[in-house]
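Okay, structure first, notes after.
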Amino acid sequence: MKFFLRLLSLVCIAGLLIYGATSGSDVIWMSCLYLSMLPLCYLIFSMIPVDAPDWKKNTWRIVGVLMASFIMLSLQLLRQQFIIADTYATTPVGGLYNPRLLNAELRVVRGRIYDRNGIEIAGRVITKQGYVRRTYSDPSTSYIAGYFTPDAVIGKSALEKAYDDYLSGRAGDPIERLRSKVFHTPMVGNDLVLTLDARLQNLGQRLLGSRRGAIVMMNPKTGEVLTLVSNPTYNAQDLTMNPDPSVRNQEINRLREELSKISSGADARLINRALQGLYSPGSTFKTVTAAAAIDLGVAEPDDIYEDDGEFVVEGHIVRDPNRPDESKTKWTLLEAYKWSLNAVFAQVGLQVEAAGLREYARRFGFEKRIPFDLPISVSQLAKYPADLSNRVLLADTAFGQGEILATPMEINLITSTIANEGVMPAPYLVKKIVSPGGRVIEEREYTPLEQVVTRETAQKVKEMMVATVDSGSGQNAKIPGVKVAGKTGTAQLGEGQAPHAWFTAFAPADNPQFAVTVLVENGGEGYKVAAPIAKAMLQAALQEYSK
């Protein structure tokens with residue numbers, strides 16, 4: 001019996017200590033530590049001989065309590081000195097910081113970040129005192145790199161955070177790390193070379209001007225992201241730290257105040273709208289509905305639908321303000337797509353049914369994490385899976401309203417999938433990581449995510465997108481001498497709110513090189529507002545890369 005109780009005590013001690021150590025909470029750890037004292041004391045007391053004199057038993061008990069206390073204290077010291085030492089060293093307490101670690105981090109020769117053409121996005125300046133200051137030359141690209149300061153100040157964001165191990169030199173070339181340790185020289189970080197085109201990024205920022213919105217441009221055949229425009233945003237140069245020790249405390253206070261000012265504003269400047277903004281996609285979602293219907297075999301581009309300006313589903317009226325000819329009541333699916341007829345797509349959604357629409361929406365990237373160098377919000381088809389069983393919501397969702405929310409990146413991936421013959425490319429922003437000595441440590445290449453629809457389906461949808469620009473609602477995106485495929489979107493938001501303006505396209509349609517998605521928050525009608533911006537972006541890209 002005593003053996004069993006001793007074994008049970010050991011199990012309790014081990015269980016409590018393991019749970020406390022892995023909880024990540026100091027309160028839970030200390031509670032488990034104190035609780036484990038009880039079975040530990042039992043273990044020690046159970047070793048006292050039964051026939052020992054009382055004075056010897058009392059001595060054993062005192063020694064046992066002291067021994068248990070010493071063991072508990074040793075475990076706590078072990079945890080603080082080795083297991084969570086880095087956390088204690090780098091976490092500021094009451095606004096204070098570890099000056100030794102701060103100095104060491106400010107002396108790291110941080111790697112630079114370049115665009116695809118070698119334009120520096122994030123650089124560095126080394127002071128006479130040996131400190132390193134981060135520099136960002138262009139506000140239109142600086143927020144893609146993100147800001148950098150030591151963690152004890154305001155920390156890091158975007159690529160500066162995601163690739164901190166490489167930029168700081170903690171990961172990458174082991175020879176460089178060994179050299180730094182042996183010769184006690186500052187660590188030199190690795191450089192990042194992006195797929196981003198700084199010139200196109202700057203153009204996108206200027207085209208948006210003071211309007212809120214986003215522009216994503218990608219090579220649909222490779223997944224290389226060329227622009228991630230977001231507006232309004234911030235200039236990372238405003239969040240760089242002057243490392244001079246004589247002004248350090250003032251700098252820390254200034255940076256904390258500046259970050260608080262940027263993050264507390266109603267315009268959400270720290271959010272990259274291209275990746276994290278969730279918006280009603282409007283008619284840009286009709287590409288998913290059309291692709292699903294064609295791929296499932298329930299519809300073809302030349303199928304005819306009735307649309308006299310209204311479609312009623314269970315008492316809910318879907319009105320169609322987009323018909324170019326009010327005397328016409330019969331429309332092919334192709335015509336309905338190019339003129340963005342809601343009533344027709346409500347009918348197509350009911351044909352596809354809830355299960356079919358959900359399956360294809362998920363194939364196109366809704367309701368799942370998209371792998372990327374920076375976090376992308378998960379696009380939503382409906383608030384709850386069962387919602388689409390409601391035929392009214394299903395009809396509304398099919399033409400891009402209802403409860404559906406999407407990021408501009410998600411809409412661009414849908415467009416890129418059609419351009420890439422039905423295969424969704426994995427998007428990426430960091431092309432390669434280069435060591436201080438010039439050796440390529442890592443390099444990204446095209447990776448397909450999924451065959452979303454068949455090649456034949458993608459071809460049919462592409463022809464519908466071409467017709468939209470040639471002779472439909474997307475004519476404002478026409479480029480002389482270039483065949484453009486596109487889709488307009490005007491996302492209604494309710495009474496008193498101007499709709500979001502969308503346009504998504506790719507060109508040249510017969511050999512797609514660029515897919516662009518434009519969102520202007522509360523901008524109005526997509527064909528008026530977003531389509532001209534997309535046209536300007538495509539023209540600039542085609543001109544730049546045709547040289």
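Residues are referred to by chain and number: the chain letter is A, B, ... according to the order shown in the structure tokens, the number counts from 1 in that chain, and ligands are numbered separately from 1 in the order shown.
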Considering only C-alpha atoms, give me a table of residues in region 321-341 of chain A that are at most 12 Å from region 283-292 of chain A, with the closest atom pair and distance in Å for each, as JSON lines.
{"residue": "A:Asn322", "atom": "CA", "partner": "A:Ser283", "partner_atom": "CA", "distance": 11.2}
{"residue": "A:Thr332", "atom": "CA", "partner": "A:Ala290", "partner_atom": "CA", "distance": 11.9}
{"residue": "A:Leu333", "atom": "CA", "partner": "A:Ala290", "partner_atom": "CA", "distance": 8.1}
{"residue": "A:Leu334", "atom": "CA", "partner": "A:Ala290", "partner_atom": "CA", "distance": 9.1}
{"residue": "A:Glu335", "atom": "CA", "partner": "A:Ala290", "partner_atom": "CA", "distance": 11.9}
{"residue": "A:Ala336", "atom": "CA", "partner": "A:Lys286", "partner_atom": "CA", "distance": 9.8}
{"residue": "A:Tyr337", "atom": "CA", "partner": "A:Lys286", "partner_atom": "CA", "distance": 7.3}
{"residue": "A:Lys338", "atom": "CA", "partner": "A:Lys286", "partner_atom": "CA", "distance": 10.2}
{"residue": "A:Trp339", "atom": "CA", "partner": "A:Ser283", "partner_atom": "CA", "distance": 10.0}
{"residue": "A:Ser340", "atom": "CA", "partner": "A:Ser283", "partner_atom": "CA", "distance": 6.6}
{"residue": "A:Leu341", "atom": "CA", "partner": "A:Ser283", "partner_atom": "CA", "distance": 8.8}
File of the preceding selection, C-alpha atoms, as a compact mmCIF listing (two decimals), in the first residue's frame:
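The resulting file, part-v4.txt, is shown below:
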# COMPACT_ATOMS: atom_id res chain seq x y z
CA ASN A 322 -27.90 46.95 -64.11
CA THR A 332 -27.61 34.37 -71.40
CA LEU A 333 -25.30 33.65 -68.48
CA LEU A 334 -22.49 35.38 -70.41
CA GLU A 335 -24.63 38.51 -70.86
CA ALA A 336 -25.66 38.41 -67.22
CA TYR A 337 -22.00 38.25 -66.20
CA LYS A 338 -20.78 41.05 -68.43
CA TRP A 339 -23.63 43.36 -67.33
CA SER A 340 -23.56 42.08 -63.73
CA LEU A 341 -27.22 41.08 -63.46
Using only C-alpha atoms, I'd like a table of the residues in region 226-308 of chain A that come within 8 Å of region 408-411 of chain A; for each, show the closest atom pair and its distance in Å rounded to one decimal, ordered by chain and ascending number, as a tab-separated table.
residue	atom	partner	partner_atom	distance
A:Arg273	CA	A:Pro408	CA	7.6
A:Ala274	CA	A:Pro408	CA	5.1
A:Leu275	CA	A:Met409	CA	5.7
A:Gly277	CA	A:Pro408	CA	7.5
A:Leu278	CA	A:Pro408	CA	7.9
A:Pro281	CA	A:Ile411	CA	7.8
A:Thr284	CA	A:Ile411	CA	7.2
A:Phe285	CA	A:Ile411	CA	7.8
Contacts of region 244-254 of chain A at 9 Å (only C-alpha atoms; same-chain gap of 6+ positions) as a PyMOL selection string: chain A and resi 103+127+129+131+153-154
field: Close residues, Gly356 (chain A) itself excluded, 9 Å, only C-alpha atoms, min 6 positions apart in chain, as JSON, numbers by chain
entry: {"A": [292, 293, 296, 349]}
Can you spit out the residues from that selection as a tab-separated table (two decimals), in the first residue's frame, using C-alpha atoms?
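selection35.tsv was written with the following content:
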chain	number	residue	atom	x	y	z
A	292	ALA	CA	-19.04	26.70	-59.84
A	293	ALA	CA	-22.11	26.43	-62.09
A	296	LEU	CA	-20.62	21.35	-61.86
A	349	GLY	CA	-26.89	30.32	-56.98
task: Could you give me, as a PyMOL selection string, the residues within 12 Å of region 260-263 of chain A, counting only C-alpha atoms and dropping anything in the same chain fewer than 2 positions from it?
output: chain A and resi 154+232-236+238-239+253-258+265-271
message: With distances taken over only C-alpha atoms, which residue among A:Met72, A:Leu40, A:Val516, A:Val313 lies nearest Asn390 (chain A)?
response: A:Val313
message: My list of candidates is A:Cys41, A:Ala426, A:Ala491, A:Leu394. Which is closest to Gln351 (chain A) when distances are computed with only C-alpha atoms?
response: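 Among the listed residues, the smallest separation from Gln351 (chain A) belongs to A:Leu394.
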- request: Write out as a PyMOL selection string each polymer residue whose atoms come within 6 Å of Phe366 (chain A), counting only C-alpha atoms; drop sequence neighbours fewer than 3 positions from it.
  value: chain A and resi 361-362+379-380
message: So that I can check the surroundings of Thr517 (chain A), please list as a list in words every protein, DNA and RNA residue that reaches within 7 Å of it, counting only C-alpha atoms and ignoring chain neighbours fewer than 4 positions away.
response: Ile215, Val216, Met217, Pro408, Ile411, Asn412, Phe503, Thr504, Ala505 and Ala534 of chain A
- prompt: Which residue, A:Pro139, A:Gly438, A:Gly172, A:Pro512, has the smallest gap to Arg206 (chain A) when you use only C-alpha atoms?
  reply: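 Nearest candidate to Arg206 (chain A) out of A:Pro139, A:Gly438, A:Gly172, A:Pro512: A:Pro139.
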message: Nearest residue to Ile479 (chain A) out of A:Arg439, A:Lys535, A:Lys431, A:Arg124, using only C-alpha atoms?
response: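 Among the listed residues, A:Lys535 lies closest to Ile479 (chain A).
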message: Please compute the CA of Asp307 (chain A)-CA of Asp320 (chain A) distance, one decimal, in Å.
response: 8.1 Å
query: For Asp295 (chain A), which of A:Lys56, A:Arg107, A:Arg112, A:Arg455 is the closest residue, counting only C-alpha atoms?
result: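 Comparing A:Lys56, A:Arg107, A:Arg112, A:Arg455 against Asp295 (chain A), the winner is A:Arg455.
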- request: Measuring atom to atom with only C-alpha atoms, identify which of A:Leu449, A:Met67, A:Ala214, A:Ala152 is nearest to Pro99 (chain A).
  value: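 Going through A:Leu449, A:Met67, A:Ala214, A:Ala152 one by one, the smallest distance to Pro99 (chain A) is for A:Ala152.
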message: Between CA of Val452 (chain A) and CA of Lys221 (chain A), what distance in Å does the model show, to one decimal?
response: 14.4 Å
- prompt: Separation of CA of Phe506 (chain A) and CA of Ala395 (chain A), in Å?
  reply: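 CA of Ala395 (chain A) lies at a distance of 27.3 Å from CA of Phe506 (chain A).
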- prompt: Just asking: which residues within region 51-234 of chain A are strand (DSSP E) according to DSSP, as a ChimeraX atom specification?
  reply: /A:113-114,120-126,132-136,191-194,213-218,225-231
